[in-house]
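Working notes for the structure below.
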Amino acid sequence: MPRVKQPKLYEPPWKEWDYNANKRGLHHTVYLVNGDQYTGDWLDNKKHGKGTQKWASGLMYQGDWKKGRRNGFGVLSCPNKSTGKYRRQYSGGWKNDKKHGYGTYYFSEDQYYEGEWFADNRSGWGRMYYPDGSIYEGEWYGDVREGNGMLRQANDNRYEGEWSADMKNGRGKFYFLDNGQLLEGVWVNDIAKCGEMQDFDRASAPEPTPFAIPQVKLAAPESVLAIAEEEYLSDDDV
């Protein structure tokens with residue numbers, strides 16, 4: 001009986017070449033033609049796992065990657081031209097290459113934000129430290145102060161109330177702790193439009209007013225204030 005010779009299985013060369021070229025696992029530094037470089041884990045030719053990316057612009061990211069994008073926890077740093085070292089710019093959560101979750105962003109050495117992020121914007125709860133010593137703590141949306149929050153100034157005077165478009169807008173209270181007074185009313189674009197001023201712990205104030213606020217001799221002060229508030233507050237705000 002004649003013997004039938006089976007044909008040898010043959011794989012085209014490009015399959016082996018493609019397999020060898022497919023980056024996976026831990027690799028040494030990979031240099032790109034645009035000047036960027038990456039050191040770390042790969043999966044299916046995409047950055048995946050732990051890795052460090054350095055851009056030609058000088059920025060550096062160290063942290064988690066998923067399918068070629070920053071996902072998880074990571075630190076973004078920028079070069080300090082005066083010292084020649086890297087300065088931390090953002091430390092926190094990432095999703096789809098954008099700041100997401102909880103993180104801290106340093107605008108400068110004396111101005112930074114710590115709190116929640118959504119798609120590269122400050123959104124949710126957060127605390128912002130300003131160069132003049134004031135601190136805002138409260139709600140954010142779309143990278144601006146939006147909702148309820150408190151702004152405490154360097155002299156401990158503070159505003160507690162509603163915010164919109166990054167300004168005091170709506171009902172709120174301003175505590176003048178240095179003078180021992182309290183203003184409760186309505187703000188429009190950072191300006192107090194109407195309200196009630198009263199004494200507040202004048203005995204403990206470092207620079208109290210010379211005289212207490214006299215009693216207002218008005219028949220119906222509540223109704224007068226309500227009419228003024230209605231003028232500045234829309235139906236959605238009431």
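Simple scheme: letters A, B, ... for chains in structure tokens order, numbers from 1 for residues in each chain, numbers from 1 for ligands in the order shown.
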Inset, instruction - Write out as a PyMOL selection string the residues lying within 6 Å of range 143-154 of chain A, counting only C-alpha atoms and excluding same-chain residues fewer than 2 positions away. - result: chain A and resi 121-122+133-141+156-164+166
Inset, instruction - Pick out the residues sitting within 8 Å of Phe200 in chain A, and hand them over as number ranges by chain; count only C-alpha atoms, and ignore anything fewer than 6 positions along from it in its own chain. - result: A: 175, 177, 180-182
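CA of Ala192 in chain A lies 11.4 Å from CA of Met167 in chain A.
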Inset, instruction - Go through chain A and collect every residue that DSSP, computed from the backbone, puts in alpha helix (DSSP H); the answer should be as number ranges by chain. - result: A: 13-21, 221-232
Inset, instruction - Among the residues of range 58-192 of chain A, find those DSSP assigns to strand (DSSP E) from the backbone and print them as a PyMOL selection string. - result: chain A and resi 60-66+69-79+86-95+98-108+111-118+121-129+135-141+144-152+158-164+167-176+181-188+191-192
